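Novice: The structure is given below, and queries will be raised subsequently.
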There are 2 protein chains.
Amino acid sequence: MHHYVIGLDYGSDSVRAVLLDAHSGAEMASHVHAYARWKEGRFCNPSISQFRQHPLDHIEGLEATIRGVLSRAKVDPATIKGICVDTTGSSPLPVTAAGIPLALLPEFADNPQAMMVLWKDHTAIAEAEEINALAGSWGGEDYTRYEGGIYSSEWFWAKILHVIRQDAKVKAQAWSWVEHCDLMTHLLTGSQDLTQLKRSRCAAGHKAMWHPSWGGLPPKAFLGQLDPYLADLRDRLYTDTYTSDVPAGNLSAEWAERLSLTTDTVVAVGTFDAHAGAVGAGIEAYTLVRVMGTSTCDIMVSPPEVVGDKTVPGICGQVDGSVLPQMVGLEAGQSAFGDVLGWFKSVLLAPLQQLVQQSDVLSPSQKAALLKEADQNLIPLLSAEAERIPLAESLPTALDWINGRRTPDANQALKAAISNLSLGTQAAHLFKALVHAICFGSKKILDRFEEEGVEIRQVIGIGGVARKSPYVMQTLANVLNRPIVVAESDYAPALGAAIYAAVAAGLYPDVVQASQCLKSPPEATYHPQAEAVSLMGTLMEGYDRLADFVESITEN
Amino acid sequence: MHHYVIGLDYGSDSVRAVLLDAHSGAEMASHVHAYARWKEGRFCNPSISQFRQHPLDHIEGLEATIRGVLSRAKVDPATIKGICVDTTGSSPLPVTAAGIPLALLPEFADNPQAMMVLWKDHTAIAEAEEINALAGSWGGEDYTRYEGGIYSSEWFWAKILHVIRQDAKVKAQAWSWVEHCDLMTHLLTGSQDLTQLKRSRCAAGHKAMWHPSWGGLPPKAFLGQLDPYLADLRDRLYTDTYTSDVPAGNLSAEWAERLSLTTDTVVAVGTFDAHAGAVGAGIEAYTLVRVMGTSTCDIMVSPPEVVGDKTVPGICGQVDGSVLPQMVGLEAGQSAFGDVLGWFKSVLLAPLQQLVQQSDVLSPSQKAALLKEADQNLIPLLSAEAERIPLAESLPTALDWINGRRTPDANQALKAAISNLSLGTQAAHLFKALVHAICFGSKKILDRFEEEGVEIRQVIGIGGVARKSPYVMQTLANVLNRPIVVAESDYAPALGAAIYAAVAAGLYPDVVQASQCLKSPPEATYHPQAEAVSLMGTLMEGYDRLADFVESITEN
């Protein structure tokens with residue numbers, strides 16, 4: 001008899017479900033659902049970086065994707081042994097004592113402050129600064145120390161503090177707050193008591209300053225100085241947290257019926273997408289998995305005896321069990337990776353669009369077709385040209401800080417720069433310099449880990465840029481002077497969630513063994529090229545000089 | 001009875017003649033002739049910055065343009081009282097003892113080393129370094145001191161030294177060398193004895209280290225250390241030089257016949273285009289005339305009692321009488337001005353051209369028409385957009401050193417850079433930053449003059465960018481915090497040459513009085529805008545910081 005598991009991956013724009021044969025690892029079906037309200041831009045205001053999502057988008061996606069994979073795979077519902085959900089994060093939202101999102105109540109149905117605050121929402125910059133100032137000055141423990149030493153506006157407490165200050169009604173009605181991954185787990189298990197919810201270790205440890213050494217969340221004495229609401233809220237949050245190999249419960253009768261499944265299906269504790277992706281890519285001790293898309297999320301696991309009590313400064317956090325239950329999970333990342341190249345594309349395309357739109361010689365349909373071609377062909381064209389340009393010290397030097405710097409040493413105020421420009425510098429030279437820049441930015445992260453004693457023996461790439469840009473991956477291998485393995489699956493996070501589900505359902509003894517059977521196989525390995533490695537070292541000296549200059553003129 | 005004069009302006013690509021009513025200043029006719037061999041790219045090798053011109057191109061242009069203006073203006077040849085020629089410079093070429101260009105002899109007809117070495121030819125970089133090293137180390141007078149303290153690869157001695165080392169035959173046959181402007185004057189006056197030629201003060205003083213204080217050209221003891229040929233050559237060059245209000249002679253019988261003129265026409269001593277342009281724009285004491293095109297040439301005149309014995313370091317030279325006979329002419333300039341904006345245009349257009357060429361949706365004629373539109377419309381579009389962007393510290397900061405720095409303090413190794421880039425930076429922001437950069441570069445030149453005690457009371461702009469780019473001119477007025485007057489004429493250099501011709505022909509007592517009657521009227525004045533002036537001051541601090549950084553990483 002076959003057993004199956006389902007991994008659900010909630011991304012920024014859509015949710016994907018993957019139905020996996022829990023023994024062979026064969027993907028039986030996958031289904032993607034785009035968020036309808038989000039697509040219309042509702043509840044968002046990009047000019048102030050306000051990005052909110054309605055939980056109905058997520059609930060509709062839950063039903064559509066699971067029904068989707070079941071109808072395609074045509075397997076017996078009784079053979080679906082486990083489900084696990086990963087989401088973006090930190091993406092918290094306010095809920096009632098029963099764990100019902102406020103946004104589902106009629107009086108909050110259209111209130112952005114009652115919605116899920118998406119990871120990339122930056123409305124809480126002032127509140128994050130307040131938290132950092134207090135953590136550094138209050139005289140007690142620095143609760144940011146396992147989160148790289150700098151609390152971000154993208155995280156749990158900053159976002160809550162911002163929303164309750166914006167909206168007194170939400171503040172009054174928000175009995176508690178949950179991360180998106182925990183909400184979906186709570187929903188599927190059907191509990192009416194939020195205090196019974198098994199919260200994600202990954203979310204709590206990386207984003208909510210949860211750490212066992214100070215008894216879980218920061219104490220009321222600390223939180224109360226930010227706002228008395230937070231001190232009270234602490235009582236209604238949690239003390240224990242759980243890794244995703246642990247069952248959160250069984251599927252509720254209500255959701256078993258809605259999904260045509262049985263209540264025998266186990267629901268695992270939820271987690272974050274990048275961490276699940278690392279598991280899907282087969283992460284193990286001393287391996288760095290890089291999720292390389294518009295930005296990067298760099299996930300590392302290290303045995304606790306190696307990391308010990310030490311904290312790695314300037315990264316996004318280190319949490320026991322956030323990736324693999326017996327290991328310390330470490331997270332870092334670049335604020336912009338593919339986005340740097342995307343930015344340059346938009347710089348070139350915007351004038352082209354205007355010139356084409358105002359042209360007298362083309363029909364409207366020709367204009368649309370030409371612009372579509374340009375949108376598709378520009379990056380491949382620049383990549384091909386850039387690859388043909390020999391490495392030389394005369395190339396431009398660029399920085400990758402187009403959206404600030406996430407790690408090492410977060411500083412969102414930093415800006416990018418390009419130097420060494422001459423009359424011979426053309427678009428392909430600039431593109432090449434930008435590719436170098438994102439790879440040099442990557443190297444800074446690896447260097448930081450190693451400087452702090454976190455050894456890296458293997459690098460695995462997943463995500464859009466890893467699979468679609470051999471030129472970027474080869475450059476990265478040359479800059480890092482390490483081989484880079486690219487995982488085959490487009491769905492590593494959903495695959496990782498399915499692996500957690502298989503362990504929670506008891507089909508494997510632990511995540512490492514499940515991962516060895518079910519992980520995505522490698523599809524390519526990029527090896528460093530000796531001559532380029534040496535030249536890259538010289539070019540990186542230029543990057544370091546330019547970076548020092550930009551830091552020197554930037555107020556933190 | 002009316003009197004007329006002809007000004008001839010030899011530019012990089014074409015020669016223009018203007019026939020002027022010497023009393024009213026009315027332009028009776030103008031005629032442009034493009035160099036035929038140059039257009040085909042003969043004798044040039046851009047990859048090594050070798051730019052040579054065949055003197056036949058210039059001789060054909062002489063006949064075509066003068067015949068052209070005469071046939072259009074339909075005036076009595078006897079009423080043409082004077083002719084003056086200005087050319088680019090330093091643009092020397094080798095000649096026989098009779099002053100015949102070697103290139104006109106059959107054995108040199110196709111030899112680039114026998115051609116005129118155009119101002120922008122950079123093949124003599126090594127020789128210029130050699131001259132600078134010797135001038136600084138030989139223990140005697142520093143002969144570069146009236147040329148800003150740094151001898152350029154674009155100048156007379158460096159070019160001669162390079163050519164004679166390249167080609168033994170040219171070395172053997174080159175009895176002497178002449179600047180382009182002197183050659184044309186020699187040709188028109190028809191002398192068979194080159195030693196009788198009245199050489200241009202402007203060319204000699206700015207480019208050949210000629211100065212009365214050391215008896216004219218540098219002594220044989222100095223030149224001989226570079227090459228014995230140069231020491232011998234000095235005997236066959238000149239001791240005296242002449243300002244362009246002086247007659248070089250009358251039109252020869254041969255050329256009077258070729259041009260259908262009379263031998264009564266006076267030929268004035270030749271000069272350089274930017275200096276003639278300053279006169280055409282009405283330069284007077286304490287006035288800076290900026291010729292603003294692809295690069296700038298900044299011409300200043302100052303009473304000798306103000307400059308005194310002082311030399312202004314880091315400019316391109318200061319020569320008594322090089323512009324107005326009773327004044328010290330000072331020259332400076334930016335290596336790239338319009339070229340900076342042109343570079344950015346080419347960065348944007350090259351990918352567009354490739355995308356359009358490979359498109360399947362357009363016919364060949366549509367592609368050509370669209371690319372033509374794009375070429376014409378891109379800069380106006382970027383200018384209009386850039387003008388609408390408010391001045392703010394969040395704008396990118398750029399340097400104008402895309403082709404090195406000519407003044408202040410020549411350093412061709414410097415490169416451009418752009419900092420303060422964020423995801424919101426679009427093409428128009430970059431364009432705006434580049435416009436700021438070329439204006440900041442301009443301010444550095446004015447600042448240097450004033451720091452060295454050369455007072456500037458008025459700024460006049462001429463040239464393509466001055467007349468065609470109100471946005472750039474307004475920005476410049478704001479950066480300089482001075483009004484900028486733009487002269488109406490497109491032909492200020494030819495007009496200035498005509499003014500010299502009128503004085504040499506005895507129609508006016510001096511250049512200042514002739515200029516007052518005949519100069520180009522102003523067509524626009526740009527006044528500084530108080531609010532922008534203050535913000536520009538802040539933005540220029542960013543320019544200075546970035547400039548310091550780039551200087552610190554550049555080897556001179």
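Chain labels A, B, ... are given in the sequence in which chains occur in the structure tokens; within each chain residues are numbered consecutively from 1, and ligands are likewise numbered from 1 in the order shown.
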Quick one: residues within 12 Å of stretch 360-365 of chain B, only C-alpha atoms counted, chain neighbours fewer than 6 positions away excluded, as a PDB file with C-alpha atoms, in the first residue's frame?
Specialist:
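selection_11.pdb was written with the following content:
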ATOM      1  CA  VAL A 361       5.363  53.869 -37.168  1.00  0.00           C
ATOM      2  CA  LEU A 362       3.877  50.929 -35.228  1.00  0.00           C
ATOM      3  CA  SER A 363       0.331  49.693 -34.736  1.00  0.00           C
ATOM      4  CA  PRO A 364      -0.952  49.225 -31.174  1.00  0.00           C
ATOM      5  CA  SER A 365      -0.706  45.448 -31.485  1.00  0.00           C
ATOM      6  CA  GLN A 366       2.862  45.695 -32.802  1.00  0.00           C
ATOM      7  CA  LYS A 367       3.765  47.933 -29.884  1.00  0.00           C
ATOM      8  CA  ALA A 368       2.394  45.432 -27.405  1.00  0.00           C
ATOM      9  CA  ALA A 369       4.138  42.526 -29.137  1.00  0.00           C
ATOM     10  CA  LEU A 370       7.471  44.342 -29.325  1.00  0.00           C
ATOM     11  CA  LEU A 371       7.350  45.321 -25.658  1.00  0.00           C
ATOM     12  CA  LYS A 372       6.486  41.768 -24.689  1.00  0.00           C
ATOM     13  CA  GLU A 373       9.438  40.472 -26.691  1.00  0.00           C
ATOM     14  CA  ALA A 374      11.704  43.083 -25.105  1.00  0.00           C
TER      15      ALA A 374
ATOM     16  CA  LEU B 371      15.375  53.341 -34.338  1.00  0.00           C
ATOM     17  CA  LYS B 372      15.632  56.728 -36.032  1.00  0.00           C
TER      18      LYS B 372
END
Novice: Find the residues in chain A near chain B: any atom within 7 Å counts, using only C-alpha atoms. Write them as a ChimeraX atom specification.
Specialist: /A:343,347-348,352,355,359,361,366,369-370,374,402-403,415-423,426-427,549
Novice: Smallest atom-to-atom distance to A:Leu261: which of A:Ser30, A:Ser71, A:Gln50, A:Thr525, using only C-alpha atoms?
Specialist: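 Among the listed residues, A:Ser71 lies closest to A:Leu261.
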Novice: To test your reading of the structure, identify every residue in stretch 245-368 of chain B that backbone DSSP assigns to alpha helix (DSSP H), and report it as a count of residues only.
Specialist: 44
Novice: In Å, rounded to a single decimal, give me how far atom CA of B:Thr65 is from atom CA of B:His33.
Specialist: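 Value for the atom CA of B:His33-atom CA of B:Thr65 distance: 6.3 Å.
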Novice: In Å, how far is it from atom CA of A:Ala392 to atom CA of A:Gln529?
Specialist: 15.2 Å
Novice: If we count only C-alpha atoms, what is near stretch 207-213 of chain A at a cut-off of 7 Å, once residues fewer than 5 positions away on the same chain are taken out, given as a JSON list (two decimals) with all heavy atoms, in the first residue's frame?
Specialist:
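Saved result, selection10.json, follows:
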[["chain", "number", "residue", "atom", "x", "y", "z"],
["A", 90, "SER", "N", 8.41, 37.03, 8.64],
["A", 90, "SER", "CA", 7.36, 37.11, 9.60],
["A", 90, "SER", "C", 6.14, 37.80, 8.99],
["A", 90, "SER", "O", 6.26, 38.92, 8.50],
["A", 90, "SER", "CB", 7.88, 37.90, 10.82],
["A", 90, "SER", "OG", 6.87, 38.21, 11.71],
["A", 143, "TYR", "N", 17.69, 41.02, 23.89],
["A", 143, "TYR", "CA", 16.86, 39.94, 23.32],
["A", 143, "TYR", "C", 17.00, 39.79, 21.81],
["A", 143, "TYR", "O", 16.42, 38.91, 21.21],
["A", 143, "TYR", "CB", 15.39, 40.15, 23.71],
["A", 143, "TYR", "CG", 15.22, 40.09, 25.21],
["A", 143, "TYR", "CD1", 14.90, 41.23, 25.95],
["A", 143, "TYR", "CD2", 15.44, 38.89, 25.89],
["A", 143, "TYR", "CE1", 14.78, 41.19, 27.33],
["A", 143, "TYR", "CE2", 15.34, 38.84, 27.28],
["A", 143, "TYR", "CZ", 15.01, 39.99, 27.99],
["A", 143, "TYR", "OH", 14.92, 39.93, 29.35],
["A", 144, "THR", "N", 17.78, 40.69, 21.19],
["A", 144, "THR", "CA", 18.00, 40.56, 19.73],
["A", 144, "THR", "C", 19.21, 39.68, 19.42],
["A", 144, "THR", "O", 19.53, 39.45, 18.26],
["A", 144, "THR", "CB", 18.24, 41.94, 19.08],
["A", 144, "THR", "OG1", 19.52, 42.44, 19.51],
["A", 144, "THR", "CG2", 17.16, 42.96, 19.45],
["A", 155, "TRP", "N", 9.55, 42.22, 11.19],
["A", 155, "TRP", "CA", 9.31, 41.13, 12.14],
["A", 155, "TRP", "C", 8.15, 41.39, 13.11],
["A", 155, "TRP", "O", 7.72, 42.52, 13.32],
["A", 155, "TRP", "CB", 10.60, 40.81, 12.89],
["A", 155, "TRP", "CG", 11.71, 40.32, 11.98],
["A", 155, "TRP", "CD1", 11.59, 39.90, 10.67],
["A", 155, "TRP", "CD2", 13.10, 40.22, 12.30],
["A", 155, "TRP", "NE1", 12.81, 39.54, 10.17],
["A", 155, "TRP", "CE2", 13.76, 39.72, 11.13],
["A", 155, "TRP", "CE3", 13.86, 40.48, 13.43],
["A", 155, "TRP", "CZ2", 15.13, 39.49, 11.09],
["A", 155, "TRP", "CZ3", 15.23, 40.25, 13.39],
["A", 155, "TRP", "CH2", 15.86, 39.75, 12.22],
["A", 156, "PHE", "N", 7.75, 40.29, 13.73],
["A", 156, "PHE", "CA", 6.58, 40.12, 14.60],
["A", 156, "PHE", "C", 6.27, 41.31, 15.52],
["A", 156, "PHE", "O", 5.25, 41.98, 15.36],
["A", 156, "PHE", "CB", 6.83, 38.85, 15.43],
["A", 156, "PHE", "CG", 5.66, 38.33, 16.21],
["A", 156, "PHE", "CD1", 4.60, 37.70, 15.56],
["A", 156, "PHE", "CD2", 5.63, 38.41, 17.59],
["A", 156, "PHE", "CE1", 3.53, 37.17, 16.29],
["A", 156, "PHE", "CE2", 4.58, 37.89, 18.33],
["A", 156, "PHE", "CZ", 3.52, 37.26, 17.67],
["A", 157, "TRP", "N", 7.12, 41.60, 16.49],
["A", 157, "TRP", "CA", 6.79, 42.60, 17.50],
["A", 157, "TRP", "C", 6.69, 44.01, 16.92],
["A", 157, "TRP", "O", 5.83, 44.79, 17.32],
["A", 157, "TRP", "CB", 7.85, 42.61, 18.63],
["A", 157, "TRP", "CG", 7.88, 41.37, 19.46],
["A", 157, "TRP", "CD1", 8.85, 40.41, 19.47],
["A", 157, "TRP", "CD2", 6.89, 40.93, 20.40],
["A", 157, "TRP", "NE1", 8.55, 39.40, 20.36],
["A", 157, "TRP", "CE2", 7.35, 39.69, 20.95],
["A", 157, "TRP", "CE3", 5.67, 41.43, 20.84],
["A", 157, "TRP", "CZ2", 6.64, 38.97, 21.91],
["A", 157, "TRP", "CZ3", 4.95, 40.72, 21.79],
["A", 157, "TRP", "CH2", 5.44, 39.50, 22.31],
["A", 218, "PRO", "N", 10.48, 37.47, 25.24],
["A", 218, "PRO", "CA", 11.04, 38.44, 26.17],
["A", 218, "PRO", "C", 10.05, 38.71, 27.29],
["A", 218, "PRO", "O", 8.83, 38.66, 27.08],
["A", 218, "PRO", "CB", 11.25, 39.69, 25.31],
["A", 218, "PRO", "CG", 11.29, 39.19, 23.90],
["A", 218, "PRO", "CD", 10.40, 37.98, 23.86]]
Novice: Skipping near chain neighbours, those fewer than 4 positions away, what residues fall within 7 Å of stretch 273-282 of chain A using only C-alpha atoms, listed as a PyMOL selection string?
Specialist: chain A and resi 9+86-88+289+291+297+299+323+487+492-493+495-497+515-516+519-520
Novice: Write the residues of the preceding selection, restricted to all heavy atoms, as a short mmCIF file (atom, residue, chain, number, x, y, z; two decimals), in the first residue's frame.
Specialist:
data_model
loop_
_atom_site.label_atom_id
_atom_site.label_comp_id
_atom_site.auth_asym_id
_atom_site.auth_seq_id
_atom_site.Cartn_x
_atom_site.Cartn_y
_atom_site.Cartn_z
N ASP A 9 2.97 25.29 0.27
CA ASP A 9 3.92 26.40 0.34
C ASP A 9 3.21 27.71 -0.01
O ASP A 9 2.84 27.94 -1.17
CB ASP A 9 5.07 26.13 -0.64
CG ASP A 9 5.98 27.33 -0.83
OD1 ASP A 9 6.33 27.98 0.18
OD2 ASP A 9 6.34 27.63 -1.99
N ASP A 86 4.07 25.52 4.97
CA ASP A 86 5.06 26.59 5.18
C ASP A 86 4.52 27.87 4.56
O ASP A 86 3.72 27.83 3.64
CB ASP A 86 6.42 26.23 4.59
CG ASP A 86 6.46 26.29 3.07
OD1 ASP A 86 6.31 27.40 2.51
OD2 ASP A 86 6.63 25.23 2.43
N THR A 87 4.94 28.97 5.11
CA THR A 87 4.50 30.29 4.62
C THR A 87 5.70 31.25 4.61
O THR A 87 6.76 30.93 5.13
CB THR A 87 3.43 30.91 5.54
OG1 THR A 87 4.04 31.22 6.80
CG2 THR A 87 2.26 29.99 5.77
N THR A 88 5.45 32.45 4.07
CA THR A 88 6.42 33.53 4.22
C THR A 88 6.43 33.95 5.69
O THR A 88 5.55 33.57 6.46
CB THR A 88 6.03 34.76 3.38
OG1 THR A 88 4.85 35.35 3.93
CG2 THR A 88 5.79 34.39 1.93
N VAL A 289 22.17 26.24 2.22
CA VAL A 289 21.22 26.26 1.11
C VAL A 289 20.83 27.71 0.86
O VAL A 289 20.40 28.41 1.77
CB VAL A 289 19.97 25.41 1.40
CG1 VAL A 289 18.94 25.57 0.27
CG2 VAL A 289 20.34 23.94 1.55
N VAL A 291 18.40 30.17 -1.14
CA VAL A 291 17.20 30.35 -1.94
C VAL A 291 17.43 31.64 -2.72
O VAL A 291 17.42 32.72 -2.14
CB VAL A 291 15.94 30.47 -1.07
CG1 VAL A 291 14.68 30.44 -1.93
CG2 VAL A 291 15.90 29.37 -0.01
N CYS A 297 17.66 34.00 0.58
CA CYS A 297 17.55 33.56 1.95
C CYS A 297 18.58 32.46 2.08
O CYS A 297 18.56 31.49 1.32
CB CYS A 297 16.13 33.07 2.23
SG CYS A 297 15.73 33.21 3.96
N ILE A 299 20.22 29.62 4.26
CA ILE A 299 19.92 28.78 5.42
C ILE A 299 21.07 27.80 5.63
O ILE A 299 21.50 27.12 4.70
CB ILE A 299 18.61 27.99 5.19
CG1 ILE A 299 17.44 28.94 4.89
CG2 ILE A 299 18.31 27.10 6.40
CD1 ILE A 299 16.99 29.78 6.04
N VAL A 323 15.35 24.34 11.33
CA VAL A 323 15.41 23.66 10.03
C VAL A 323 15.39 22.15 10.25
O VAL A 323 14.42 21.48 9.92
CB VAL A 323 16.67 24.07 9.24
CG1 VAL A 323 16.66 23.44 7.85
CG2 VAL A 323 16.78 25.59 9.15
N ALA A 487 19.57 22.35 -7.05
CA ALA A 487 18.56 21.31 -6.90
C ALA A 487 17.57 21.39 -8.05
O ALA A 487 17.24 22.47 -8.53
CB ALA A 487 17.85 21.45 -5.56
N ALA A 492 11.05 23.32 -4.02
CA ALA A 492 11.77 22.82 -2.85
C ALA A 492 11.04 23.12 -1.54
O ALA A 492 10.98 22.25 -0.66
CB ALA A 492 13.20 23.36 -2.83
N PRO A 493 10.45 24.34 -1.36
CA PRO A 493 9.75 24.57 -0.09
C PRO A 493 8.56 23.62 0.12
O PRO A 493 8.43 23.02 1.20
CB PRO A 493 9.29 26.03 -0.18
CG PRO A 493 10.29 26.67 -1.12
CD PRO A 493 10.57 25.60 -2.13
N LEU A 495 8.18 20.74 -1.17
CA LEU A 495 8.78 19.43 -0.98
C LEU A 495 9.27 19.27 0.47
O LEU A 495 9.06 18.22 1.11
CB LEU A 495 9.95 19.29 -1.96
CG LEU A 495 10.68 17.98 -2.09
CD1 LEU A 495 9.71 16.84 -2.42
CD2 LEU A 495 11.76 18.07 -3.19
N GLY A 496 9.92 20.32 0.98
CA GLY A 496 10.39 20.28 2.37
C GLY A 496 9.22 20.14 3.34
O GLY A 496 9.29 19.38 4.33
N ALA A 497 8.12 20.85 3.07
CA ALA A 497 6.94 20.74 3.93
C ALA A 497 6.41 19.31 3.90
O ALA A 497 6.03 18.74 4.94
CB ALA A 497 5.86 21.74 3.49
N SER A 515 14.50 13.21 4.44
CA SER A 515 15.07 14.08 3.42
C SER A 515 15.97 13.30 2.46
O SER A 515 15.97 13.55 1.26
CB SER A 515 15.83 15.20 4.12
OG SER A 515 16.70 15.85 3.24
N GLN A 516 16.74 12.35 3.02
CA GLN A 516 17.61 11.57 2.15
C GLN A 516 16.82 10.81 1.09
O GLN A 516 17.27 10.65 -0.04
CB GLN A 516 18.45 10.60 2.98
CG GLN A 516 19.73 11.26 3.50
CD GLN A 516 20.40 10.48 4.62
OE1 GLN A 516 20.02 9.34 4.88
NE2 GLN A 516 21.37 11.09 5.27
N LYS A 519 14.25 14.19 -0.89
CA LYS A 519 14.75 15.51 -1.32
C LYS A 519 14.88 15.59 -2.85
O LYS A 519 14.94 14.57 -3.54
CB LYS A 519 16.11 15.77 -0.69
CG LYS A 519 17.21 14.88 -1.27
CD LYS A 519 18.57 15.18 -0.65
CE LYS A 519 19.61 14.23 -1.27
NZ LYS A 519 20.91 14.35 -0.62
N SER A 520 14.97 16.83 -3.31
CA SER A 520 15.15 17.07 -4.74
C SER A 520 16.55 16.64 -5.15
O SER A 520 17.53 17.01 -4.51
CB SER A 520 14.99 18.56 -5.02
OG SER A 520 15.38 18.86 -6.33
#
Novice: One number please: atom CA of B:Ala22 to atom CA of B:Ala285, in Å, one decimal.
Specialist: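 Going from atom CA of B:Ala22 over to atom CA of B:Ala285, I get 23.3 Å.
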